[in-house]
Amino acid sequence: MRLIAVILSALMPLCAVAQSRDAILTDVTQAHILPRFDHLVEATAALDAAARADCAPGSADLRAAYHAAFDAWISASHLRFGPTEVGDRAFALAFWPDRKGFTPKALSAMIAAEDPAIADPDAFAETSIAGRGFLALEMMLYDPAFADQGDAAYRCGLIRAIAADIHRTARAIDRDWHGYARILTQPGPDSPYRSADEALQELYKALTTGLEFTADTRLGRPMGSFDRPRPNRAEARRSLRSLRHVELSLVALRDLATRLAADHPQIAASLDDAFARSIARAQALDDPALAGVATPQGRLRVEALQQSINDIRSLAAAQLGPTLGISAGFNSLDGD
Amino acid sequence: MTSRRRFLAGLAAATLAPMPGWAAVGSPDFLSAALFDDGTYRLVGLTSAGEVRFSIPLPGRGHAAAAHPHLARAVAFARRPGRFALVIDCATGDQLARLDAPDGRHFYGHGAFSPDGRRLFTTENDYEAGTGVIGVWDAAKGYARLGEFSSAGVGPHDVVLMPDGKSLAIANGGIETHPDTGRTKLNLPTMRPNLTYVSLDGSVLEQVELPVALHKNSIRHLAVRADGLLAFAMQWQGDLTHKPALLGLHRRGDRYHLLSAPEDIQATLAGYAGSVAFSAEGRQVAITCPRGNALHVFDAEAGRFDRAHSLTDVCGLGPGPSGFVFTTGHGDVGHLVGSNPAVSPHPRVHWDNHLVPIRPMI
């Protein structure tokens with residue numbers, strides 16, 4: 001008995017850590033991941049219904065449903081692993097950045113050929129990934145170049161097909177996530193995640209990749225270089241959503257970071273402060289399409305926002321990463 | 001251990017021109033970029049025993065370097081997306097030339113000399129087109145730009161001279177980036193890395209692609225054995241439920257082989273290998289895995305996993321007088337023969353990603 005007690009006491013600290021890691025995994029899955037995909041399904045169902053009710057690009061109901069559903073996706077889009085990445089579903093929802101203008105090309109080709117795939121969801125899901133998803137829908141609803149291209153009835157059918165396909169993709173992601181949740185929360189020898197550490201590292205990677213994408217791509221792409229700003233490269237600028245995506249992603253990543261740091265209140269607090277500063281900067285910017293990057297003063301303000309996100313990244317790498325078994329070494333952080 | 005070939009090459013250089021060979025700077029075995037505790041980034045000439053033969057300040061964080069085959073000259077590359085590289089006289093520390101990437105190009109951080117040292121080849125990004133190129137520079141005439149050719153892929157990272165002296169091997173990592181968006185990866189769903197062999201004038205001789213299921217395994221770093229066996233190290237861009245092999249071997253005209261540790265050990269690597277090298281005698285091949293804090297050694301002939309060494313933030317790797325030499329971000333320089341590394345600590349130095357052998361090949 002004494003021997004067992006000694007062994008037990010030696011194991012206790014390990015168990016305590018393991019338990020809290022399991023608790024974090026369960027909390028992130030149940031309170032962060034699943035509600036986001038459940039909400040995405042509801043919002044895309046409403047979008048699908050709105051497009052069926054009225055496919056006019058100027059329809060207030062359709063545009064409101066588009067905004068609500070795109071909000072739901074951006075709030076979940078940092079969770080790009082597992083079911084979200086199967087068959088490049090995330091790209092089928094938002095093909096961006098579109099470096100070579102594939103989206104307008106794909107849409108024009110569909111309209112010019114009056115591709116019958118729009119009448120069959122399975123066939124539409126096999127068309128160019130660039131002609132699907134929220135950014136294709138945005139172009140159909142907001143870009144004057146598509147307002148009178150080809151036949152009006154075909155355009156209407158195309159808008160409905162894109163909306164229905166978005167909902168279909170969202171449903172597939174959500175359905176698979178409800179199964180994958182067990183994989184993420186029950187790591188072990190038979191799971192693809194061998195340990196709680198490994199599963200936590202996947203979530204940490206979602207946090208850091210999400211921050212990187214928002215700082216370097218959502219802001220970096222329109223900023224371009226000082227001599228050559230690129231306001232036309234801002235994400236979803238036609239529907240004036242570029243800055244909103246930055247804010248929504250920061251709000252979502254703040255929630256994830258707080259939950260990942262649950263065992264370390266001081267780290268959680270400093271991360272939360274850093275997110276609060278970034279979000280306040282984004283809210284004060286008042287530049288929905290990030291068009292201000294074209295002026296020196298506007299660019300400076302966007303750069304300050306970008307820097308504040310980079311501060312969160314440094315904080316996460318220096319403080320949060322090591323608590324999750326990610327070394328903050330000179331080489332391990334380099335990624336080259 | 002000074003090889004006879006190196007000695008003769010150095011002698012030839014010394015008699016033909018009053019320019020110092022590597023012996024004049026203490027016969028270092030490797031070049032390595034490093035961050036010193038005083039905040040300076042430096043290029044260091046390092047011996048296998050861990051002795052620093054020279055250290056020369058750089059204007060920013062370095063990555064790899066290219067060692068001239070016989071003159072004590074090194075080309076130090078800035079970390080990507082760097083726009084310049086410096087040609088440094090390792091005897092005096094003087095900057096002899098500066099390579100500026102042409103408009104629309106940036107360096108990836110690796111380069112290789114032709115066997116006579118007259119040409120330098122650099123991996124570069126044609127970032128508006130999103131394709132890779134190899135820049136060609138005239139090392140004999142002040143490093144003027146001679147031209148460029150396609151790397152036959154996206155994101156060429158490492159390039160090495162093959163032992164035939166007439167061809168290069170290029171690791172096209174497959175990842176598209178643009179300097180406007182820093183190091184953000186723009187094409188992960190569609191990336192297709194490859195390994196490409198070209199002649200020195202850029203004709204594609206042979207190309208190797210991994211199967212589609214492994215299209216997110218970015219081929220980044222290379223090492224070549226004297227008989228032409230090429231080792232390539234990879235970095236997995238997919239999710240962490242996969243534990244793909246991070247090391248491959250290929251010989252021209254043959255099928256490639258992927259080498260992996262048993263799955264429970266492979267699972268600790270976080271899908272990331274930083275450097276690759278053959279051992280001095282060529283019987284073993286190894287990768288360093290700074291995210292898994294491990295060095296994995298394989299039997300190069302049998303293609304079999306041999307053993308894992310646990311080493312915090314290990315990354316630089318090269319052939320030692322026997323076995324391997326490695327470096328860590330915490331300052332250790334280790335000589336690994338058999339199972340126990342002999343380590344000389346440099347507590348004030350953070351060794352960067354790579355050890356570049358001054359002998360072009362073993």
# chains A, B, ... in the order shown; residues from 1 in each chain; ligands from 1

call {"tool": "interface_residues", "arguments": {"of": "chain B", "to": "chain A", "cutoff": "8 Å", "atoms": "only C-alpha atoms", "output": "PyMOL selection string"}}
result
chain B and resi 180-184+186+189+238-242+264+267+274+289-291+313-315+328-330+350+352-353

call {"tool": "residues_around", "arguments": {"residues": "Ser339 of chain B", "least_positions_apart": "5", "cutoff": "10 Å", "atoms": "only C-alpha atoms", "output": "JSON, numbers by chain"}}
result
{"B": [307, 308, 309]}

call {"tool": "residues_around", "arguments": {"residues": "Val204 of chain B", "least_positions_apart": "5", "cutoff": "9 Å", "atoms": "only C-alpha atoms", "output": "ChimeraX atom specification"}}
result
/B:151-152,196-199

call {"tool": "write_last_selection", "arguments": {"atoms": "N, CA, C and O atoms", "output": "PDB file, in the first residue's frame"}}
result
ATOM      1  N   SER B 151      13.555  27.752 -62.249  1.00  0.00           N
ATOM      2  CA  SER B 151      13.885  26.646 -61.335  1.00  0.00           C
ATOM      3  C   SER B 151      12.965  25.457 -61.597  1.00  0.00           C
ATOM      4  O   SER B 151      13.079  24.432 -60.937  1.00  0.00           O
ATOM      5  N   ALA B 152      12.039  25.623 -62.536  1.00  0.00           N
ATOM      6  CA  ALA B 152      11.065  24.577 -62.885  1.00  0.00           C
ATOM      7  C   ALA B 152      10.175  24.215 -61.701  1.00  0.00           C
ATOM      8  O   ALA B 152       9.841  23.051 -61.475  1.00  0.00           O
ATOM      9  N   THR B 196      14.307  19.174 -58.672  1.00  0.00           N
ATOM     10  CA  THR B 196      14.649  19.326 -60.084  1.00  0.00           C
ATOM     11  C   THR B 196      16.165  19.329 -60.261  1.00  0.00           C
ATOM     12  O   THR B 196      16.885  19.985 -59.502  1.00  0.00           O
ATOM     13  N   TYR B 197      16.622  18.554 -61.238  1.00  0.00           N
ATOM     14  CA  TYR B 197      18.040  18.592 -61.612  1.00  0.00           C
ATOM     15  C   TYR B 197      18.153  19.386 -62.905  1.00  0.00           C
ATOM     16  O   TYR B 197      17.400  19.138 -63.850  1.00  0.00           O
ATOM     17  N   VAL B 198      19.082  20.340 -62.928  1.00  0.00           N
ATOM     18  CA  VAL B 198      19.302  21.112 -64.160  1.00  0.00           C
ATOM     19  C   VAL B 198      20.792  21.116 -64.491  1.00  0.00           C
ATOM     20  O   VAL B 198      21.641  20.956 -63.613  1.00  0.00           O
ATOM     21  N   SER B 199      21.083  21.325 -65.773  1.00  0.00           N
ATOM     22  CA  SER B 199      22.471  21.570 -66.155  1.00  0.00           C
ATOM     23  C   SER B 199      22.819  22.995 -65.730  1.00  0.00           C
ATOM     24  O   SER B 199      21.923  23.771 -65.366  1.00  0.00           O
TER      25      SER B 199
END

call {"tool": "closest_residue", "arguments": {"among": "B:Ser203, B:Ser260, B:Ser55, B:Ser322", "to": "Ala280 of chain B", "atoms": "only C-alpha atoms"}}
result
B:Ser322

call {"tool": "residues_around", "arguments": {"residues": "Phe275 of chain A", "least_positions_apart": "5", "cutoff": "7 Å", "atoms": "only C-alpha atoms", "output": "list in words"}}
result
Leu250, Arg254 and Ile312 of chain A

call {"tool": "residues_around", "arguments": {"residues": "segment 152-167 of chain A", "least_positions_apart": "3", "cutoff": "7 Å", "atoms": "only C-alpha atoms", "output": "PyMOL selection string"}}
result
chain A and resi 41+44-45+47-48+51-52+55+93+111+114+118+121+125+132-133+137+140+170-171

call {"tool": "select_by_dssp", "arguments": {"residues": "segment 86-121 of chain B", "states": "strand (DSSP E)", "output": "ChimeraX atom specification"}}
result
/B:86-89,95-100,105-113,119-121

call {"tool": "write_last_selection", "arguments": {"atoms": "N, CA, C and O atoms", "output": "compact mmCIF listing (two decimals), in the first residue's frame"}}
result
# COMPACT_ATOMS: atom_id res chain seq x y z
N LEU B 86 25.89 39.36 -49.51
CA LEU B 86 27.19 40.01 -49.42
C LEU B 86 28.29 39.00 -49.69
O LEU B 86 28.28 37.89 -49.15
N VAL B 87 29.25 39.42 -50.55
CA VAL B 87 30.43 38.60 -50.77
C VAL B 87 31.48 39.10 -49.80
O VAL B 87 31.86 40.28 -49.82
N ILE B 88 31.95 38.21 -48.95
CA ILE B 88 32.82 38.62 -47.85
C ILE B 88 34.17 37.93 -47.97
O ILE B 88 34.25 36.72 -48.23
N ASP B 89 35.23 38.73 -47.80
CA ASP B 89 36.58 38.18 -47.69
C ASP B 89 36.74 37.71 -46.26
O ASP B 89 36.77 38.52 -45.33
N GLN B 95 33.91 43.53 -47.17
CA GLN B 95 32.86 43.21 -48.13
C GLN B 95 33.43 43.45 -49.53
O GLN B 95 33.82 44.55 -49.88
N LEU B 96 33.49 42.40 -50.34
CA LEU B 96 34.10 42.51 -51.67
C LEU B 96 33.07 42.90 -52.73
O LEU B 96 33.42 43.51 -53.74
N ALA B 97 31.86 42.49 -52.54
CA ALA B 97 30.81 42.81 -53.50
C ALA B 97 29.48 42.65 -52.81
O ALA B 97 29.38 42.02 -51.74
N ARG B 98 28.49 43.24 -53.42
CA ARG B 98 27.14 43.12 -52.88
C ARG B 98 26.23 42.70 -54.03
O ARG B 98 26.26 43.29 -55.11
N LEU B 99 25.47 41.65 -53.82
CA LEU B 99 24.52 41.21 -54.85
C LEU B 99 23.16 41.78 -54.51
O LEU B 99 22.64 41.52 -53.42
N ASP B 100 22.61 42.58 -55.42
CA ASP B 100 21.25 43.07 -55.22
C ASP B 100 20.33 42.28 -56.13
O ASP B 100 20.57 42.19 -57.34
N ARG B 105 12.54 40.41 -57.95
CA ARG B 105 13.11 39.15 -57.43
C ARG B 105 13.54 39.36 -55.97
O ARG B 105 13.95 40.44 -55.59
N HIS B 106 13.46 38.30 -55.18
CA HIS B 106 14.18 38.30 -53.91
C HIS B 106 14.85 36.95 -53.72
O HIS B 106 14.48 35.96 -54.36
N PHE B 107 15.85 36.94 -52.85
CA PHE B 107 16.58 35.70 -52.57
C PHE B 107 15.81 34.84 -51.58
O PHE B 107 15.05 35.35 -50.75
N TYR B 108 16.03 33.54 -51.67
CA TYR B 108 15.47 32.63 -50.66
C TYR B 108 16.49 32.30 -49.57
O TYR B 108 16.13 31.77 -48.53
N GLY B 109 17.78 32.53 -49.83
CA GLY B 109 18.74 32.34 -48.75
C GLY B 109 19.79 31.26 -48.98
O GLY B 109 20.62 31.01 -48.13
N HIS B 110 19.74 30.60 -50.15
CA HIS B 110 20.74 29.58 -50.45
C HIS B 110 21.36 29.85 -51.82
O HIS B 110 20.76 30.50 -52.68
N GLY B 111 22.57 29.31 -52.02
CA GLY B 111 23.25 29.47 -53.29
C GLY B 111 24.36 28.45 -53.42
O GLY B 111 24.72 27.78 -52.44
N ALA B 112 24.88 28.30 -54.63
CA ALA B 112 25.96 27.34 -54.86
C ALA B 112 26.90 27.87 -55.94
O ALA B 112 26.46 28.54 -56.88
N PHE B 113 28.19 27.55 -55.79
CA PHE B 113 29.18 27.93 -56.80
C PHE B 113 29.35 26.82 -57.82
O PHE B 113 29.15 25.63 -57.52
N ARG B 119 31.12 30.92 -61.32
CA ARG B 119 29.69 31.22 -61.37
C ARG B 119 29.07 30.98 -60.00
O ARG B 119 29.41 30.00 -59.33
N LEU B 120 28.14 31.86 -59.66
CA LEU B 120 27.35 31.64 -58.45
C LEU B 120 25.88 31.52 -58.85
O LEU B 120 25.39 32.30 -59.66
N PHE B 121 25.21 30.51 -58.31
CA PHE B 121 23.78 30.28 -58.60
C PHE B 121 22.98 30.55 -57.32
O PHE B 121 23.34 30.05 -56.25

call {"tool": "atom_distance", "arguments": {"atom1": "atom CA of Thr185 of chain A", "atom2": "atom CA of Asp22 of chain A"}}
result
6.7 Å

call {"tool": "atom_distance", "arguments": {"atom1": "atom CA of Ala123 of chain A", "atom2": "atom CA of Ala172 of chain A"}}
result
16.2 Å

call {"tool": "atom_distance", "arguments": {"atom1": "atom CA of Gly318 of chain B", "atom2": "atom CA of Ala277 of chain B"}}
result
5.2 Å

call {"tool": "residues_around", "arguments": {"residues": "Val154 of chain B", "least_positions_apart": "4", "cutoff": "7 Å", "atoms": "only C-alpha atoms", "output": "VMD selection string"}}
result
chain B and resid 130 to 132 172 to 176

call {"tool": "select_by_dssp", "arguments": {"residues": "segment 56-234 of chain B", "states": "helix (DSSP H, G or I)", "output": "PDB file with all heavy atoms, in the first residue's frame"}}
result
ATOM      1  N   PRO B 179       6.544  39.362 -51.248  1.00  0.00           N
ATOM      2  CA  PRO B 179       7.113  40.223 -50.206  1.00  0.00           C
ATOM      3  C   PRO B 179       6.080  41.158 -49.553  1.00  0.00           C
ATOM      4  O   PRO B 179       6.231  41.515 -48.391  1.00  0.00           O
ATOM      5  CB  PRO B 179       8.208  41.023 -50.932  1.00  0.00           C
ATOM      6  CG  PRO B 179       8.109  40.679 -52.366  1.00  0.00           C
ATOM      7  CD  PRO B 179       7.276  39.455 -52.515  1.00  0.00           C
ATOM      8  N   ASP B 180       5.006  41.492 -50.274  1.00  0.00           N
ATOM      9  CA  ASP B 180       3.978  42.356 -49.669  1.00  0.00           C
ATOM     10  C   ASP B 180       3.275  41.673 -48.509  1.00  0.00           C
ATOM     11  O   ASP B 180       2.687  42.337 -47.657  1.00  0.00           O
ATOM     12  CB  ASP B 180       2.901  42.740 -50.700  1.00  0.00           C
ATOM     13  CG  ASP B 180       3.421  43.770 -51.696  1.00  0.00           C
ATOM     14  OD1 ASP B 180       4.579  44.201 -51.538  1.00  0.00           O
ATOM     15  OD2 ASP B 180       2.673  44.126 -52.619  1.00  0.00           O
ATOM     16  N   THR B 181       3.271  40.357 -48.504  1.00  0.00           N
ATOM     17  CA  THR B 181       2.583  39.647 -47.432  1.00  0.00           C
ATOM     18  C   THR B 181       3.566  38.811 -46.618  1.00  0.00           C
ATOM     19  O   THR B 181       3.223  37.751 -46.096  1.00  0.00           O
ATOM     20  CB  THR B 181       1.463  38.746 -47.983  1.00  0.00           C
ATOM     21  OG1 THR B 181       1.962  38.016 -49.097  1.00  0.00           O
ATOM     22  CG2 THR B 181       0.287  39.557 -48.463  1.00  0.00           C
ATOM     23  N   LEU B 188      -1.286  27.106 -50.331  1.00  0.00           N
ATOM     24  CA  LEU B 188      -1.188  25.769 -49.724  1.00  0.00           C
ATOM     25  C   LEU B 188      -2.112  24.728 -50.371  1.00  0.00           C
ATOM     26  O   LEU B 188      -1.704  23.584 -50.561  1.00  0.00           O
ATOM     27  CB  LEU B 188      -1.429  25.841 -48.213  1.00  0.00           C
ATOM     28  CG  LEU B 188      -0.338  26.559 -47.416  1.00  0.00           C
ATOM     29  CD1 LEU B 188      -0.576  26.406 -45.922  1.00  0.00           C
ATOM     30  CD2 LEU B 188       1.049  26.036 -47.759  1.00  0.00           C
ATOM     31  N   PRO B 189      -3.372  25.077 -50.739  1.00  0.00           N
ATOM     32  CA  PRO B 189      -4.229  24.024 -51.308  1.00  0.00           C
ATOM     33  C   PRO B 189      -3.714  23.487 -52.637  1.00  0.00           C
ATOM     34  O   PRO B 189      -4.032  22.366 -53.019  1.00  0.00           O
ATOM     35  CB  PRO B 189      -5.583  24.703 -51.504  1.00  0.00           C
ATOM     36  CG  PRO B 189      -5.521  25.971 -50.739  1.00  0.00           C
ATOM     37  CD  PRO B 189      -4.090  26.354 -50.623  1.00  0.00           C
ATOM     38  N   THR B 190      -2.970  24.313 -53.359  1.00  0.00           N
ATOM     39  CA  THR B 190      -2.568  23.899 -54.708  1.00  0.00           C
ATOM     40  C   THR B 190      -1.073  23.645 -54.821  1.00  0.00           C
ATOM     41  O   THR B 190      -0.568  23.393 -55.906  1.00  0.00           O
ATOM     42  CB  THR B 190      -2.950  24.984 -55.729  1.00  0.00           C
ATOM     43  OG1 THR B 190      -2.362  26.218 -55.312  1.00  0.00           O
ATOM     44  CG2 THR B 190      -4.464  25.159 -55.812  1.00  0.00           C
ATOM     45  N   VAL B 212       0.300  12.897 -54.971  1.00  0.00           N
ATOM     46  CA  VAL B 212      -0.617  13.982 -54.625  1.00  0.00           C
ATOM     47  C   VAL B 212      -0.916  14.030 -53.126  1.00  0.00           C
ATOM     48  O   VAL B 212      -1.017  15.100 -52.532  1.00  0.00           O
ATOM     49  CB  VAL B 212      -1.927  13.840 -55.430  1.00  0.00           C
ATOM     50  CG1 VAL B 212      -2.929  14.895 -55.010  1.00  0.00           C
ATOM     51  CG2 VAL B 212      -1.624  13.982 -56.914  1.00  0.00           C
ATOM     52  N   ALA B 213      -1.016  12.862 -52.483  1.00  0.00           N
ATOM     53  CA  ALA B 213      -1.330  12.831 -51.048  1.00  0.00           C
ATOM     54  C   ALA B 213      -0.261  13.551 -50.231  1.00  0.00           C
ATOM     55  O   ALA B 213      -0.517  13.981 -49.107  1.00  0.00           O
ATOM     56  CB  ALA B 213      -1.463  11.388 -50.576  1.00  0.00           C
ATOM     57  N   LEU B 214       0.935  13.699 -50.803  1.00  0.00           N
ATOM     58  CA  LEU B 214       2.027  14.370 -50.086  1.00  0.00           C
ATOM     59  C   LEU B 214       2.322  15.747 -50.677  1.00  0.00           C
ATOM     60  O   LEU B 214       3.397  16.287 -50.472  1.00  0.00           O
ATOM     61  CB  LEU B 214       3.289  13.496 -50.145  1.00  0.00           C
ATOM     62  CG  LEU B 214       3.235  12.205 -49.324  1.00  0.00           C
ATOM     63  CD1 LEU B 214       4.493  11.381 -49.542  1.00  0.00           C
ATOM     64  CD2 LEU B 214       3.068  12.512 -47.841  1.00  0.00           C
TER      65      LEU B 214
END

call {"tool": "closest_residue", "arguments": {"among": "B:Arg53, B:Asn187, B:Asp158, B:Thr177", "to": "Glu128 of chain B", "atoms": "only C-alpha atoms"}}
result
B:Thr177

call {"tool": "residues_around", "arguments": {"residues": "segment 40-43 of chain B", "least_positions_apart": "4", "cutoff": "8 Å", "atoms": "only C-alpha atoms", "output": "number ranges by chain"}}
result
B: 31-36, 55-62, 76

call {"tool": "closest_residue", "arguments": {"among": "B:Asp227, B:Asp299, B:Glu124, B:Asp103", "to": "Pro163 of chain B", "atoms": "only C-alpha atoms"}}
result
B:Asp227

call {"tool": "closest_residue", "arguments": {"among": "B:Gly331, B:Gly165, B:Pro28, B:Gly153", "to": "Pro193 of chain B", "atoms": "only C-alpha atoms"}}
result
B:Gly153

call {"tool": "closest_residue", "arguments": {"among": "A:Ala262, A:Ile33, A:Leu320, A:Ala274", "to": "Gln307 of chain A", "atoms": "only C-alpha atoms"}}
result
A:Ala274

call {"tool": "closest_residue", "arguments": {"among": "A:Ala181, A:Val293, A:Leu324, A:Ala69", "to": "Ala31 of chain A", "atoms": "only C-alpha atoms"}}
result
A:Ala181
